[in-house]
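Novice: Supplied structure: data33.cif, mmCIF, C-alpha atoms.
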data_final
#
loop_
_atom_site.group_PDB
_atom_site.id
_atom_site.type_symbol
_atom_site.label_atom_id
_atom_site.label_comp_id
_atom_site.auth_asym_id
_atom_site.auth_seq_id
_atom_site.Cartn_x
_atom_site.Cartn_y
_atom_site.Cartn_z
ATOM 1 C CA LEU R 1 81.917 59.038 -118.460
ATOM 2 C CA SER R 2 81.990 62.613 -119.772
ATOM 3 C CA ILE R 3 80.968 61.415 -123.237
ATOM 4 C CA ILE R 4 78.091 59.436 -121.734
ATOM 5 C CA LEU R 5 76.901 62.489 -119.805
ATOM 6 C CA ILE R 6 77.054 64.679 -122.917
ATOM 7 C CA LEU R 7 75.126 62.120 -124.960
ATOM 8 C CA ALA R 8 72.549 61.818 -122.185
ATOM 9 C CA VAL R 9 72.041 65.592 -122.166
ATOM 10 C CA LEU R 10 71.632 65.682 -125.961
ATOM 11 C CA VAL R 11 69.147 62.804 -125.964
ATOM 12 C CA ALA R 12 67.187 64.368 -123.103
ATOM 13 C CA ASN R 13 67.165 67.704 -124.929
ATOM 14 C CA ALA R 14 65.726 66.111 -128.069
ATOM 15 C CA ALA R 15 63.126 64.159 -126.102
ATOM 16 C CA PHE R 16 61.936 67.093 -123.999
ATOM 17 C CA SER R 17 61.945 69.448 -126.988
ATOM 18 C CA LEU R 18 59.641 67.043 -128.809
ATOM 19 C CA LEU R 19 57.457 66.618 -125.734
ATOM 20 C CA PHE R 20 57.175 70.345 -124.997
ATOM 21 C CA SER R 21 56.138 71.092 -128.579
ATOM 22 C CA SER R 22 53.472 68.377 -128.839
ATOM 23 C CA GLU R 23 49.832 69.446 -128.637
ATOM 24 C CA TRP R 24 48.658 66.383 -126.692
ATOM 25 C CA PHE R 25 51.077 67.258 -123.877
ATOM 26 C CA LEU R 26 50.500 71.015 -123.836
ATOM 27 C CA GLU R 27 46.709 70.829 -123.858
ATOM 28 C CA ASN R 28 46.749 69.065 -120.474
ATOM 29 C CA LEU R 29 48.755 71.822 -118.781
ATOM 30 C CA PRO R 30 47.680 75.169 -117.306
ATOM 31 C CA ILE R 31 47.852 77.928 -119.904
ATOM 32 C CA GLU R 32 50.884 79.635 -118.338
ATOM 33 C CA SER R 33 52.863 76.394 -118.129
ATOM 34 C CA ALA R 34 51.960 75.383 -121.680
ATOM 35 C CA GLU R 35 53.083 78.746 -123.044
ATOM 36 C CA LYS R 36 56.331 78.569 -121.084
ATOM 37 C CA PHE R 37 57.245 75.073 -122.294
ATOM 38 C CA GLN R 38 56.287 75.900 -125.866
ATOM 39 C CA LYS R 39 58.536 78.969 -125.866
ATOM 40 C CA GLN R 40 61.427 76.950 -124.475
ATOM 41 C CA ALA R 41 61.169 74.297 -127.196
ATOM 42 C CA MET R 42 60.609 76.507 -130.228
ATOM 43 C CA GLY R 43 64.207 77.628 -130.880
ATOM 44 C CA GLU R 44 67.007 76.024 -132.879
ATOM 45 C CA TYR R 45 68.555 74.243 -129.891
ATOM 46 C CA GLY R 46 65.383 73.115 -128.144
ATOM 47 C CA VAL R 47 64.962 73.267 -124.385
ATOM 48 C CA LEU R 48 68.719 72.979 -123.832
ATOM 49 C CA LEU R 49 69.002 76.717 -124.420
ATOM 50 C CA GLY R 50 65.319 77.588 -124.302
ATOM 51 C CA GLY R 51 65.129 76.715 -120.629
ATOM 52 C CA ARG R 52 68.594 78.029 -119.790
ATOM 53 C CA SER R 53 68.895 80.886 -122.265
ATOM 54 C CA GLU R 54 71.064 82.975 -119.946
ATOM 55 C CA THR R 55 73.964 80.800 -121.090
ATOM 56 C CA LEU R 56 73.853 82.681 -124.403
ATOM 57 C CA VAL R 57 75.410 85.718 -122.711
ATOM 58 C CA SER R 58 76.846 84.483 -119.413
ATOM 59 C CA ILE R 59 79.691 82.872 -121.356
ATOM 60 C CA ASP R 60 80.438 86.269 -122.932
ATOM 61 C CA ALA R 61 80.419 87.873 -119.495
ATOM 62 C CA PHE R 62 82.872 85.271 -118.195
ATOM 63 C CA LEU R 63 85.224 85.698 -121.157
ATOM 64 C CA ALA R 64 85.183 89.471 -120.657
ATOM 65 C CA LYS R 65 86.692 89.057 -117.162
ATOM 66 C CA PRO R 66 87.889 85.451 -116.908
ATOM 67 C CA PHE R 67 90.347 85.789 -114.039
ATOM 68 C CA LEU R 68 88.700 87.921 -111.353
ATOM 69 C CA GLY R 69 85.132 88.053 -112.611
ATOM 70 C CA HIS R 70 82.639 90.898 -112.314
ATOM 71 C CA GLY R 71 82.210 90.647 -108.542
ATOM 72 C CA SER R 72 79.434 89.245 -106.359
ATOM 73 C CA TRP R 73 75.897 89.938 -107.585
ATOM 74 C CA ALA R 74 77.424 91.491 -110.690
ATOM 75 C CA LYS R 75 75.421 94.371 -112.113
ATOM 76 C CA ASP R 76 74.616 94.354 -115.819
ATOM 77 C CA LYS R 77 76.548 97.460 -116.833
ATOM 78 C CA ASP R 78 77.353 96.264 -120.358
ATOM 79 C CA GLY R 79 73.910 95.428 -121.724
ATOM 80 C CA TYR R 80 74.051 91.637 -121.481
ATOM 81 C CA ARG R 81 70.319 91.364 -120.907
ATOM 82 C CA GLN R 82 69.586 93.286 -124.090
ATOM 83 C CA LEU R 83 72.109 91.129 -125.928
ATOM 84 C CA LEU R 84 70.325 88.055 -124.599
ATOM 85 C CA ALA R 85 67.000 89.251 -126.001
ATOM 86 C CA THR R 86 68.628 89.798 -129.399
ATOM 87 C CA ARG R 87 70.260 86.377 -129.502
ATOM 88 C CA LYS R 88 67.089 84.620 -128.400
ATOM 89 C CA TYR R 89 65.240 86.294 -131.246
ATOM 90 C CA GLU R 90 67.925 85.298 -133.753
ATOM 91 C CA LEU R 91 67.759 81.659 -132.636
ATOM 92 C CA GLY R 92 63.985 81.517 -132.816
ATOM 93 C CA TYR R 93 63.191 81.764 -129.118
ATOM 94 C CA SER R 94 60.359 84.039 -128.110
ATOM 95 C CA ASP R 95 61.646 86.884 -125.988
ATOM 96 C CA ASN R 96 59.850 87.024 -122.659
ATOM 97 C CA ASP R 97 60.257 88.363 -119.162
ATOM 98 C CA ASP R 98 60.561 85.051 -117.343
ATOM 99 C CA LEU R 99 64.320 85.288 -116.820
ATOM 100 C CA HIS R 100 65.325 84.264 -113.343
ATOM 101 C CA GLY R 101 66.916 86.700 -110.950
ATOM 102 C CA ASP R 102 67.074 90.455 -110.606
ATOM 103 C CA LEU R 103 66.709 92.530 -113.745
ATOM 104 C CA ASP R 104 69.798 94.627 -113.022
ATOM 105 C CA LEU R 105 72.187 91.665 -112.727
ATOM 106 C CA ILE R 106 74.160 89.895 -115.441
ATOM 107 C CA PRO R 107 71.955 86.959 -116.526
ATOM 108 C CA VAL R 108 73.228 83.607 -115.237
ATOM 109 C CA HIS R 109 71.340 80.389 -114.671
ATOM 110 C CA SER R 110 73.486 77.974 -112.707
ATOM 111 C CA TYR R 111 75.805 77.796 -109.747
ATOM 112 C CA LEU R 112 78.672 77.124 -112.147
ATOM 113 C CA MET R 113 78.066 80.013 -114.542
ATOM 114 C CA GLY R 114 77.244 82.325 -111.665
ATOM 115 C CA ALA R 115 80.602 81.547 -110.076
ATOM 116 C CA LEU R 116 82.456 81.979 -113.375
ATOM 117 C CA VAL R 117 80.839 85.363 -114.005
ATOM 118 C CA TRP R 118 81.175 86.627 -110.445
ATOM 119 C CA ALA R 119 84.574 85.216 -109.431
ATOM 120 C CA GLY R 120 86.250 84.138 -112.656
ATOM 121 C CA ILE R 121 87.962 80.837 -113.337
ATOM 122 C CA GLY R 122 88.715 80.244 -109.659
ATOM 123 C CA GLY R 123 85.043 80.274 -108.738
ATOM 124 C CA GLY R 124 84.184 77.910 -111.561
ATOM 125 C CA LEU R 125 86.971 75.488 -110.654
ATOM 126 C CA PHE R 126 85.473 75.068 -107.193
ATOM 127 C CA TRP R 127 82.200 73.718 -108.595
ATOM 128 C CA ILE R 128 83.975 71.643 -111.252
ATOM 129 C CA PHE R 129 86.130 70.057 -108.546
ATOM 130 C CA LEU R 130 83.011 69.318 -106.511
ATOM 131 C CA ILE R 131 81.346 67.572 -109.464
ATOM 132 C CA ARG R 132 84.527 65.588 -110.090
ATOM 133 C CA SER R 133 84.635 64.510 -106.447
ATOM 134 C CA ILE R 134 81.027 63.320 -106.533
ATOM 135 C CA LEU R 135 81.515 61.352 -109.754
ATOM 136 C CA HIS R 136 84.755 59.860 -108.440
ATOM 137 C CA GLU R 137 82.997 58.725 -105.277
ATOM 138 C CA ILE R 138 80.240 57.098 -107.331
ATOM 139 C CA LEU R 139 82.702 55.265 -109.581
ATOM 140 C CA MET R 140 84.957 54.056 -106.777
ATOM 141 C CA ASN R 141 82.364 53.153 -104.144
ATOM 142 C CA SER R 142 79.134 52.542 -106.035
ATOM 143 C CA ARG R 143 78.463 49.221 -104.304
ATOM 144 C CA TYR R 144 78.515 50.827 -100.862
ATOM 145 C CA LEU R 145 76.467 53.942 -101.560
ATOM 146 C CA GLY R 146 72.800 54.065 -100.668
ATOM 147 C CA PHE R 147 69.779 55.589 -102.343
ATOM 148 C CA TYR R 148 69.981 58.840 -100.398
ATOM 149 C CA PHE R 149 73.525 59.499 -101.575
ATOM 150 C CA TYR R 150 72.556 59.080 -105.227
ATOM 151 C CA ASN R 151 69.451 61.187 -104.757
ATOM 152 C CA GLY R 152 71.416 63.985 -103.137
ATOM 153 C CA ALA R 153 74.303 63.712 -105.592
ATOM 154 C CA ILE R 154 72.062 63.941 -108.652
ATOM 155 C CA GLY R 155 70.225 66.915 -107.179
ATOM 156 C CA LEU R 156 73.473 68.697 -106.361
ATOM 157 C CA ILE R 157 74.981 68.114 -109.811
ATOM 158 C CA TRP R 158 71.763 69.354 -111.420
ATOM 159 C CA ASN R 159 71.839 72.517 -109.319
ATOM 160 C CA ILE R 160 75.490 73.176 -110.121
ATOM 161 C CA LEU R 161 75.001 72.816 -113.868
ATOM 162 C CA PHE R 162 71.476 74.090 -114.429
ATOM 163 C CA SER R 163 69.818 75.816 -111.471
ATOM 164 C CA PRO R 164 70.028 79.494 -110.482
ATOM 165 C CA PHE R 165 72.150 80.448 -107.507
ATOM 166 C CA GLY R 166 69.763 81.534 -104.769
ATOM 167 C CA ALA R 167 66.249 80.329 -104.024
ATOM 168 C CA ASN R 168 64.857 83.860 -104.288
ATOM 169 C CA ALA R 169 64.693 83.513 -108.065
ATOM 170 C CA ARG R 170 62.292 80.590 -107.762
ATOM 171 C CA TRP R 171 60.203 82.415 -105.175
ATOM 172 C CA ASP R 172 59.997 85.474 -107.430
ATOM 173 C CA ALA R 173 58.718 83.317 -110.275
ATOM 174 C CA ALA R 174 56.194 81.534 -108.054
ATOM 175 C CA ALA R 175 54.923 84.812 -106.599
ATOM 176 C CA LYS R 176 53.460 85.759 -109.982
ATOM 177 C CA PHE R 177 50.969 82.883 -109.691
ATOM 178 C CA LEU R 178 50.350 82.897 -105.943
ATOM 179 C CA GLU R 179 47.237 85.091 -106.035
ATOM 180 C CA ARG R 180 45.614 82.925 -108.702
ATOM 181 C CA ALA R 181 46.419 79.788 -106.711
ATOM 182 C CA ILE R 182 44.801 81.176 -103.568
ATOM 183 C CA CYS R 183 41.733 82.472 -105.418
ATOM 184 C CA SER R 184 41.248 79.143 -107.188
ATOM 185 C CA VAL R 185 40.994 77.452 -103.785
ATOM 186 C CA LEU R 186 38.813 80.048 -102.084
ATOM 187 C CA SER R 187 36.364 80.061 -105.007
ATOM 188 C CA GLN R 188 35.551 76.362 -104.579
ATOM 189 C CA GLU R 189 31.882 75.683 -103.818
ATOM 190 C CA GLY R 190 29.937 72.775 -102.371
ATOM 191 C CA VAL R 191 32.523 71.745 -99.754
ATOM 192 C CA ASP R 192 33.501 72.691 -96.214
ATOM 193 C CA LEU R 193 36.912 74.193 -96.864
ATOM 194 C CA GLU R 194 39.846 74.761 -94.547
ATOM 195 C CA TYR R 195 42.715 76.498 -96.363
ATOM 196 C CA ILE R 196 46.051 76.825 -94.577
ATOM 197 C CA VAL R 197 48.667 79.001 -96.278
ATOM 198 C CA VAL R 198 51.847 77.608 -94.777
ATOM 199 C CA ASP R 199 54.539 75.140 -95.831
ATOM 200 C CA PRO R 200 54.011 72.434 -94.679
ATOM 201 C CA GLY R 201 50.492 72.777 -93.277
ATOM 202 C CA PHE R 202 49.209 69.238 -92.762
ATOM 203 C CA SER R 203 50.041 69.272 -89.053
ATOM 204 C CA TYR R 204 47.589 72.167 -88.583
ATOM 205 C CA ALA R 205 44.747 70.659 -90.604
ATOM 206 C CA THR R 206 41.590 69.381 -88.908
ATOM 207 C CA GLY R 207 39.648 68.021 -91.900
ATOM 208 C CA ASP R 208 39.187 64.453 -93.086
ATOM 209 C CA ILE R 209 40.534 65.004 -96.622
ATOM 210 C CA LEU R 210 43.924 66.622 -97.052
ATOM 211 C CA GLY R 211 45.466 68.069 -100.202
ATOM 212 C CA PHE R 212 48.467 70.194 -101.128
ATOM 213 C CA VAL R 213 48.359 73.124 -103.563
ATOM 214 C CA ASN R 214 51.650 74.627 -104.727
ATOM 215 C CA SER R 215 52.058 78.365 -105.182
ATOM 216 C CA ASP R 216 51.873 78.048 -108.976
ATOM 217 C CA ASP R 217 48.973 75.557 -109.050
ATOM 218 C CA GLU R 218 45.418 76.468 -109.989
ATOM 219 C CA LEU R 219 42.352 74.388 -109.140
ATOM 220 C CA LEU R 220 39.597 74.019 -111.697
ATOM 221 C CA PRO R 221 36.044 74.957 -110.635
ATOM 222 C CA ASP R 222 34.359 72.214 -108.572
ATOM 223 C CA ALA R 223 37.682 70.359 -108.226
ATOM 224 C CA LEU R 224 37.312 69.894 -104.470
ATOM 225 C CA LYS R 225 33.648 68.976 -104.826
ATOM 226 C CA LYS R 226 34.574 66.191 -107.228
ATOM 227 C CA ILE R 227 37.314 64.994 -104.881
ATOM 228 C CA ALA R 228 34.860 64.862 -101.989
ATOM 229 C CA SER R 229 32.390 62.933 -104.146
ATOM 230 C CA ALA R 230 35.093 60.451 -105.108
ATOM 231 C CA PHE R 231 35.885 59.724 -101.468
ATOM 232 C CA LYS R 232 32.189 59.454 -100.657
ATOM 233 C CA GLY R 233 31.742 56.925 -103.447
ATOM 234 C CA LYS R 234 34.645 54.836 -102.153
ATOM 235 C CA PRO R 235 34.761 55.172 -98.352
ATOM 236 C CA GLY R 236 37.765 52.874 -98.036
ATOM 237 C CA ALA R 237 39.995 54.854 -100.389
ATOM 238 C CA ASP R 238 43.167 56.391 -98.966
ATOM 239 C CA ALA R 239 43.795 58.775 -101.872
ATOM 240 C CA VAL R 240 42.361 59.936 -105.186
ATOM 241 C CA SER R 241 44.077 61.397 -108.232
ATOM 242 C CA GLY R 242 43.295 62.425 -111.762
#
Please go through the file and, once you have read it, give me the structure as structure tokens.

Specialist:
Amino acid sequence: LSIILILAVLVANAAFSLLFSSEWFLENLPIESAEKFQKQAMGEYGVLLGGRSETLVSIDAFLAKPFLGHGSWAKDKDGYRQLLATRKYELGYSDNDDLHGDLDLIPVHSYLMGALVWAGIGGGLFWIFLIRSILHEILMNSRYLGFYFYNGAIGLIWNILFSPFGANARWDAAAKFLERAICSVLSQEGVDLEYIVVDPGFSYATGDILGFVNSDDELLPDALKKIASAFKGKPGADAVSG
């Protein structure tokens, strides 16, 4: 099973690296997203390290204090962030400021690596044991497990191996685009607009056509006008996309 998982990661890395570097894919994305994906795929190891580049130094931080770790919310007192910038440059990744988390902390980008850096081997073993328990449950009781278990299990394993510890990192990244998202909605013309900045906001809406805009989305000019026209042209439609 471990070999299958490793092969799956390698195949996915190759596929996404090819996708993120292709012009036909990038030209259909917002400029910021296209630049981000292109930077992640341009290095020697593709998006595997381009998207999780903190691994280049978090392993060093763990090996420096493998038993007790650096402590919770470990401060970067040894220049790991500068070392990360150097290694990214050497491997062909464009250095940028989109690293997740606080700038004064040791760079980590997963529950697992965060635990290893903060608490040492004991912290890492907790998450490894949790992954083992989930996989064991899947192998032993696969016929009895429902969709929601698999959905939750896959999400949890992904977070443990790849996602940053703490939702604030995601919010910090999204905040950079929030103003542009709001302005792109408020600048729409030719429609009666009701814009509710709350998550979720559908229960407060009073209009006939409902849509959701994420904090890092950006509407093109006349987007809502075209949506309204599409519904007007097909009164029986429940939804439009494109």

Novice: Which residues are close to range 69-71 of chain R, i.e. within 10 Å by all atoms listed in the file, leaving aside same-chain residues fewer than 2 positions away? Reply as an NGL selection string.

Specialist: :R and (61-67 or 73-76 or 106 or 114-123)

Novice: Kindly export the residues of the current selection with C-alpha atoms, as a PDB file, keeping the file's coordinate frame.

Specialist:
ATOM      1  CA  ALA R  61      80.419  87.873-119.495  1.00  0.00           C
ATOM      2  CA  PHE R  62      82.872  85.271-118.195  1.00  0.00           C
ATOM      3  CA  LEU R  63      85.224  85.698-121.157  1.00  0.00           C
ATOM      4  CA  ALA R  64      85.183  89.471-120.657  1.00  0.00           C
ATOM      5  CA  LYS R  65      86.692  89.057-117.162  1.00  0.00           C
ATOM      6  CA  PRO R  66      87.889  85.451-116.908  1.00  0.00           C
ATOM      7  CA  PHE R  67      90.347  85.789-114.039  1.00  0.00           C
ATOM      8  CA  TRP R  73      75.897  89.938-107.585  1.00  0.00           C
ATOM      9  CA  ALA R  74      77.424  91.491-110.690  1.00  0.00           C
ATOM     10  CA  LYS R  75      75.421  94.371-112.113  1.00  0.00           C
ATOM     11  CA  ASP R  76      74.616  94.354-115.819  1.00  0.00           C
ATOM     12  CA  ILE R 106      74.160  89.895-115.441  1.00  0.00           C
ATOM     13  CA  GLY R 114      77.244  82.325-111.665  1.00  0.00           C
ATOM     14  CA  ALA R 115      80.602  81.547-110.076  1.00  0.00           C
ATOM     15  CA  LEU R 116      82.456  81.979-113.375  1.00  0.00           C
ATOM     16  CA  VAL R 117      80.839  85.363-114.005  1.00  0.00           C
ATOM     17  CA  TRP R 118      81.175  86.627-110.445  1.00  0.00           C
ATOM     18  CA  ALA R 119      84.574  85.216-109.431  1.00  0.00           C
ATOM     19  CA  GLY R 120      86.250  84.138-112.656  1.00  0.00           C
ATOM     20  CA  ILE R 121      87.962  80.837-113.337  1.00  0.00           C
ATOM     21  CA  GLY R 122      88.715  80.244-109.659  1.00  0.00           C
ATOM     22  CA  GLY R 123      85.043  80.274-108.738  1.00  0.00           C
TER      23      GLY R 123
END

Novice: Using all atoms listed in the file, what residues lie at most 10 Å away from (30.5, 69.1, -101.2) (file coordinates), given as a VMD selection string?

Specialist: chain R and resid 188 to 193 222 224 to 229 232

Novice: Take CA of Tyr89 in chain R and CA of Leu49 in chain R and report the distance between them in Å, one decimal.

Specialist: 12.3 Å

Novice: I'd like the residues picked by the PyMOL selection byres ((chain R and resi 57) around 12) written out as an NGL selection string, using the chain letters and numbers from the file.

Specialist: :R and (49 or 52-56 or 58-64 or 76 or 78-88 or 106-109 or 113-114 or 117)

Novice: If I put a ball of radius 9 Å at (66.7, 70.8, -122.1) in the file's coordinates, which residues poke into it when counting all atoms listed in the file, written as a list in words?

Specialist: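 So the residues meeting the distance criterion are Val9, Leu10, Ala12, Asn13, Ala14, Ala15, Phe16, Ser17, Gln40, Ala41, Tyr45, Gly46, Val47, Leu48, Leu49, Gly50, Gly51 and Arg52 of chain R.
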
Novice: What does the file look like for those residues with C-alpha atoms, as a PDB file, in the frame of the given file?

Specialist:
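Wrote it out as selection.pdb, contents follow:
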ATOM      1  CA  VAL R   9      72.041  65.592-122.166  1.00  0.00           C
ATOM      2  CA  LEU R  10      71.632  65.682-125.961  1.00  0.00           C
ATOM      3  CA  ALA R  12      67.187  64.368-123.103  1.00  0.00           C
ATOM      4  CA  ASN R  13      67.165  67.704-124.929  1.00  0.00           C
ATOM      5  CA  ALA R  14      65.726  66.111-128.069  1.00  0.00           C
ATOM      6  CA  ALA R  15      63.126  64.159-126.102  1.00  0.00           C
ATOM      7  CA  PHE R  16      61.936  67.093-123.999  1.00  0.00           C
ATOM      8  CA  SER R  17      61.945  69.448-126.988  1.00  0.00           C
ATOM      9  CA  GLN R  40      61.427  76.950-124.475  1.00  0.00           C
ATOM     10  CA  ALA R  41      61.169  74.297-127.196  1.00  0.00           C
ATOM     11  CA  TYR R  45      68.555  74.243-129.891  1.00  0.00           C
ATOM     12  CA  GLY R  46      65.383  73.115-128.144  1.00  0.00           C
ATOM     13  CA  VAL R  47      64.962  73.267-124.385  1.00  0.00           C
ATOM     14  CA  LEU R  48      68.719  72.979-123.832  1.00  0.00           C
ATOM     15  CA  LEU R  49      69.002  76.717-124.420  1.00  0.00           C
ATOM     16  CA  GLY R  50      65.319  77.588-124.302  1.00  0.00           C
ATOM     17  CA  GLY R  51      65.129  76.715-120.629  1.00  0.00           C
ATOM     18  CA  ARG R  52      68.594  78.029-119.790  1.00  0.00           C
TER      19      ARG R  52
END
